[in-house]
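*Asks:* Sending over a structure as structure tokens; questions will come in a sec.
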Amino acid sequence: MAINLIKREEVEIKFLAVEKLNLLYNIFTTLLIIIFFNRLNDPQAMLMGRFLVAFGTFVVIYLYTKFPSVATRYLRVVVQMSLLSYWYPDTFEFNRIFPNLDHLFATMEYDLFGCQPALLFEQVCSGMFWREAFNMGYWLYYPMITLVSTYYFFCRPKEMERCTFVILASFFLYYIVYMFLPVAGPQFYFPVIGEDVAAAGIYPEIGGYFNLHPEIAIPQEGKGGLFTELVGMAQAAGERPTAAFPSSHIGITTVLMIFAYRAKKWLFAAMFPVYVLLCCATVYIKAHYLVDAIAGLVTGVAVYYLTTWLYKRFWS
């Protein structure tokens, strides 16, 4: 049966759901580049990148038609999911043209809780043990995506397309929000205004500051500990002053937990401690305000059901 399936797909070239979704997102963001062309930092490079992404997609599909197998089909999925690391920094390229809104979210945080949890959390849970535990949870974000996607690919192949589509579509929904909602989060905003000022409840507007200063260092290096250093290196390499509200780390991981629960209870149970650590870590390492984390939890559930409905309605 597996051989017949491979032969049929070799003759009848068929896009996977994640491939169609990535191409659609590519077209959507290309239109945005054209609309904001004169306000973007390097629109020509962004357009060239999108051409190369599309070209690479067709190359991998062609490779599959020449060497159809489980391995090359899996490669098609891996390539599309790995493109998330390319799409994420672009959210900053769009939102940097708008005034920063951190002062509004920091004020909301202070009004709700009477403090800045992102400043207090690390003080309350100080020491190597807590720092490593929370950073481990944060670092395991992408391995959790890989684990769930791979499990569905090999163990629940009939649900694989829905699973990978929902994960990818969830990311894209968050990315679209980040393009037009320029909130950088405490790790970027507080160093600009000063942590003493933030703790005192004073949150000045900084306008287009990050448009001119996107290179602010993430203060993770030098604190010791394997996972603390790994998170610091990852942030230094790919983080941008963007994507704070809502927390996609929590939102996407919530989607993963729903898939894990629907697949195997043991998989859900194994991932749950990491899920809790990751949720806490988003505030602990100052990547998000607490309101971002709460919004990530709520939107994660909503995004799962919305993207599942979209898949059943338009893609299955």
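Labels for the structure tokens follow display order: chains A, B, ..., residues from 1 in each chain, ligands from 1.
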Based on DSSP run over this structure's backbone, return all residues of range 70-296 of chain A in helix (DSSP H, G or I), as a ChimeraX atom specification.

*Replies:* /A:70-82,84-95,102-113,117-124,128-139,141-155,157-180,186-193,195-199,209-212,226-238,248-263,265-284,290-296

*Asks:* Residues at most 12 Å from range 194-207 of chain A, counting only C-alpha atoms, excluding those fewer than 6 positions away in the same chain, as a PyMOL selection string?

*Replies:* chain A and resi 95-120+182-184+186-188+213+286

*Asks:* Would you pick out the contacts of range 126-141 of chain A at 10 Å or less, using only C-alpha atoms, so that residues sharing its chain but fewer than 3 positions from it are not included, and give the list as a VMD selection string?

*Replies:* chain A and resid 120 to 123 144 to 146 220 223 to 232 234 249 to 250 252 to 253 271 273 to 285

*Asks:* Write a file of the selected residues as a compact mmCIF listing (two decimals), in the first residue's frame, keeping C-alpha atoms.

*Replies:*
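Writing done, so here's part.txt:
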# COMPACT_ATOMS: atom_id res chain seq x y z
CA LEU A 120 10.43 40.72 40.60
CA PHE A 121 10.31 37.13 39.33
CA GLU A 122 14.07 36.77 38.93
CA GLN A 123 14.65 38.32 42.36
CA MET A 144 8.78 20.41 21.47
CA ILE A 145 7.54 21.56 18.06
CA THR A 146 9.81 19.01 16.40
CA GLN A 220 21.80 36.41 29.37
CA LYS A 223 25.40 34.24 34.11
CA GLY A 224 26.64 30.68 33.86
CA GLY A 225 24.72 27.47 33.27
CA LEU A 226 24.30 25.48 30.05
CA PHE A 227 20.70 26.39 29.24
CA THR A 228 21.14 30.02 30.29
CA GLU A 229 24.01 30.32 27.84
CA LEU A 230 22.12 28.48 25.09
CA VAL A 231 19.12 30.79 25.42
CA GLY A 232 21.42 33.81 25.49
CA ALA A 234 19.87 31.99 20.55
CA HIS A 249 5.86 30.86 22.88
CA ILE A 250 2.97 30.15 25.23
CA ILE A 252 2.12 27.75 20.22
CA THR A 253 3.11 25.49 23.10
CA MET A 271 5.64 17.53 28.02
CA PRO A 273 6.47 20.00 33.18
CA VAL A 274 8.37 21.62 30.31
CA TYR A 275 5.22 23.52 29.36
CA VAL A 276 4.92 24.95 32.87
CA LEU A 277 8.60 25.93 32.94
CA LEU A 278 8.32 27.58 29.52
CA CYS A 279 5.25 29.59 30.53
CA CYS A 280 7.05 30.85 33.61
CA ALA A 281 10.28 31.44 31.70
CA THR A 282 8.73 33.93 29.30
CA VAL A 283 8.29 36.35 32.21
CA TYR A 284 11.34 35.19 34.19
CA ILE A 285 13.83 36.03 31.42

*Asks:* When you look at range 164-171 of chain A with a cut-off of 10 Å (counting only C-alpha atoms), what residues show up, excluding the ones that are within fewer than 2 positions of it in the same chain? I need them as a PyMOL selection string.

*Replies:* chain A and resi 16-22+25+77-78+80-81+83-84+87-88+145+148-150+152-153+159-162+173-176+248-249+251-253+255-256+259+299-300+302-311+315

*Asks:* Include N, CA and C atoms and write out the residues we just selected as a compact mmCIF listing (two decimals), in the first residue's frame.

*Replies:*
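Now in again-v8.txt:
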# COMPACT_ATOMS: atom_id res chain seq x y z
N LEU A 16 1.77 19.77 -0.21
CA LEU A 16 1.34 19.54 1.16
C LEU A 16 0.68 20.81 1.68
N ALA A 17 -0.13 20.67 2.71
CA ALA A 17 -0.84 21.83 3.26
C ALA A 17 0.14 22.90 3.73
N VAL A 18 1.25 22.48 4.36
CA VAL A 18 2.22 23.47 4.86
C VAL A 18 2.92 24.18 3.72
N GLU A 19 3.08 23.51 2.58
CA GLU A 19 3.70 24.16 1.43
C GLU A 19 2.77 25.22 0.85
N LYS A 20 1.51 24.90 0.72
CA LYS A 20 0.54 25.87 0.22
C LYS A 20 0.42 27.05 1.17
N LEU A 21 0.45 26.77 2.47
CA LEU A 21 0.32 27.84 3.45
C LEU A 21 1.53 28.77 3.42
N ASN A 22 2.72 28.20 3.31
CA ASN A 22 3.93 29.02 3.24
C ASN A 22 3.95 29.89 1.99
N TYR A 25 1.54 32.76 2.57
CA TYR A 25 2.14 33.76 3.46
C TYR A 25 3.21 34.55 2.72
N VAL A 77 8.30 18.52 4.81
CA VAL A 77 7.68 19.10 6.00
C VAL A 77 8.72 19.88 6.81
N VAL A 78 9.90 19.28 6.99
CA VAL A 78 10.95 19.91 7.80
C VAL A 78 11.36 21.25 7.19
N GLN A 80 9.61 23.34 5.37
CA GLN A 80 8.57 24.36 5.57
C GLN A 80 8.51 24.82 7.02
N MET A 81 8.66 23.90 7.95
CA MET A 81 8.62 24.28 9.36
C MET A 81 9.87 25.08 9.75
N LEU A 83 11.39 27.17 8.00
CA LEU A 83 11.31 28.54 7.47
C LEU A 83 10.78 29.53 8.51
N LEU A 84 10.22 29.03 9.60
CA LEU A 84 9.75 29.93 10.65
C LEU A 84 10.88 30.82 11.17
N TRP A 87 10.95 33.69 8.72
CA TRP A 87 9.82 34.61 8.74
C TRP A 87 9.78 35.48 10.00
N TYR A 88 10.25 34.95 11.12
CA TYR A 88 10.11 35.69 12.38
C TYR A 88 10.80 37.06 12.38
N ILE A 145 8.20 21.48 19.37
CA ILE A 145 7.54 21.56 18.06
C ILE A 145 7.97 20.39 17.19
N VAL A 148 6.37 16.95 18.52
CA VAL A 148 4.96 16.74 18.20
C VAL A 148 4.77 16.54 16.70
N SER A 149 5.41 17.37 15.89
CA SER A 149 5.28 17.24 14.43
C SER A 149 5.78 15.89 13.96
N THR A 150 6.93 15.45 14.48
CA THR A 150 7.51 14.17 14.06
C THR A 150 6.64 13.01 14.53
N TYR A 152 3.40 12.97 14.94
CA TYR A 152 2.23 12.87 14.06
C TYR A 152 2.62 12.38 12.67
N PHE A 153 3.79 12.76 12.19
CA PHE A 153 4.22 12.32 10.86
C PHE A 153 4.37 10.81 10.80
N GLU A 159 -3.28 12.20 10.27
CA GLU A 159 -3.52 13.50 10.90
C GLU A 159 -2.34 14.45 10.76
N MET A 160 -1.30 13.98 10.07
CA MET A 160 -0.07 14.75 9.98
C MET A 160 -0.28 16.11 9.31
N GLU A 161 -1.00 16.12 8.19
CA GLU A 161 -1.18 17.39 7.47
C GLU A 161 -1.95 18.40 8.30
N ARG A 162 -2.96 17.94 9.02
CA ARG A 162 -3.73 18.85 9.87
C ARG A 162 -2.85 19.39 10.98
N LEU A 173 -0.47 33.51 12.20
CA LEU A 173 -1.45 34.42 12.80
C LEU A 173 -0.77 35.32 13.83
N TYR A 174 0.09 34.74 14.65
CA TYR A 174 0.84 35.56 15.61
C TYR A 174 1.77 36.53 14.90
N TYR A 175 2.43 36.08 13.85
CA TYR A 175 3.36 36.95 13.13
C TYR A 175 2.63 38.15 12.52
N ILE A 176 1.43 37.93 12.01
CA ILE A 176 0.67 39.04 11.43
C ILE A 176 0.33 40.07 12.51
N SER A 248 3.73 34.24 21.72
CA SER A 248 3.56 33.09 20.81
C SER A 248 4.22 31.85 21.39
N HIS A 249 5.25 32.03 22.24
CA HIS A 249 5.86 30.86 22.88
C HIS A 249 4.79 30.09 23.68
N GLY A 251 1.43 30.57 23.39
CA GLY A 251 0.33 30.23 22.50
C GLY A 251 0.61 28.98 21.69
N ILE A 252 1.78 28.92 21.04
CA ILE A 252 2.12 27.75 20.22
C ILE A 252 2.29 26.51 21.08
N THR A 253 2.92 26.66 22.24
CA THR A 253 3.11 25.49 23.10
C THR A 253 1.77 24.98 23.62
N VAL A 255 -0.96 25.03 21.85
CA VAL A 255 -1.42 24.25 20.69
C VAL A 255 -0.76 22.87 20.69
N LEU A 256 0.54 22.84 20.95
CA LEU A 256 1.26 21.56 21.00
C LEU A 256 0.72 20.65 22.08
N PHE A 259 -2.44 18.99 20.96
CA PHE A 259 -2.13 17.88 20.04
C PHE A 259 -1.57 16.68 20.81
N THR A 299 -5.13 32.98 23.80
CA THR A 299 -5.14 32.95 22.34
C THR A 299 -4.66 31.61 21.80
N GLY A 300 -3.82 30.91 22.56
CA GLY A 300 -3.36 29.60 22.12
C GLY A 300 -4.52 28.64 21.90
N ALA A 302 -7.69 29.55 21.45
CA ALA A 302 -8.52 30.11 20.37
C ALA A 302 -7.90 29.84 19.01
N VAL A 303 -6.58 30.01 18.91
CA VAL A 303 -5.89 29.81 17.64
C VAL A 303 -5.97 28.35 17.21
N TYR A 304 -5.87 27.43 18.16
CA TYR A 304 -5.98 26.00 17.81
C TYR A 304 -7.31 25.71 17.12
N TYR A 305 -8.41 26.18 17.72
CA TYR A 305 -9.72 25.87 17.16
C TYR A 305 -9.96 26.65 15.86
N LEU A 306 -9.44 27.87 15.77
CA LEU A 306 -9.60 28.64 14.54
C LEU A 306 -8.85 28.00 13.38
N THR A 307 -7.59 27.63 13.60
CA THR A 307 -6.80 27.05 12.51
C THR A 307 -7.29 25.65 12.15
N THR A 308 -7.80 24.92 13.13
CA THR A 308 -8.39 23.61 12.83
C THR A 308 -9.62 23.78 11.95
N TRP A 309 -10.44 24.77 12.26
CA TRP A 309 -11.62 25.05 11.43
C TRP A 309 -11.21 25.47 10.02
N LEU A 310 -10.19 26.31 9.92
CA LEU A 310 -9.72 26.75 8.61
C LEU A 310 -9.23 25.56 7.78
N TYR A 311 -8.53 24.64 8.44
CA TYR A 311 -8.04 23.46 7.72
C TYR A 311 -9.20 22.62 7.19
N TRP A 315 -8.79 23.55 3.50
CA TRP A 315 -7.54 22.91 3.10
C TRP A 315 -7.60 21.40 3.04

*Asks:* Just give me the gap between CA of Leu297 in chain A and CA of Tyr178 in chain A in Å, one decimal is fine.

*Replies:*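 Result for CA of Leu297 in chain A versus CA of Tyr178 in chain A: 16.5 Å, one decimal.
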
*Asks:* Which is closer to Pro157 in chain A than all the others in A:Phe94, A:Tyr74, A:Phe180, A:Phe190, using only C-alpha atoms?

*Replies:* A:Tyr74

*Asks:* Hey, which of A:Leu147, A:Leu63, A:Val177, A:Pro241 ends up closest to Ala270 in chain A? Count only C-alpha atoms.

*Replies:*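 Smallest separation from Ala270 in chain A among the options: A:Leu147.
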
*Asks:* Kindly indicate which residue among A:Ile35, A:Leu267, A:Leu40, A:Val298 lies nearest to Phe92 in chain A, using only C-alpha atoms for the distances.

*Replies:*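 Once distances to Phe92 in chain A are computed over only C-alpha atoms, the minimum belongs to A:Leu40.
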
*Asks:* Which is closer to Met179 in chain A than all the others in A:Leu32, A:Val53, A:Leu290, A:Cys125, using only C-alpha atoms?

*Replies:* A:Leu32

*Asks:* What lies within 9 Å of range 54-62 of chain A using only C-alpha atoms, ignoring chain neighbours under 3 positions off, as a ChimeraX atom specification?

*Replies:* /A:13-15,19,22-23,26,49-51,65-67,72-73,75-76,79-80

*Asks:* Just to confirm, what's the straight-line distance from CA of Ala269 in chain A to CA of Ile294 in chain A in Å (one decimal)?

*Replies:*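 These two atoms are separated by 21.7 Å.
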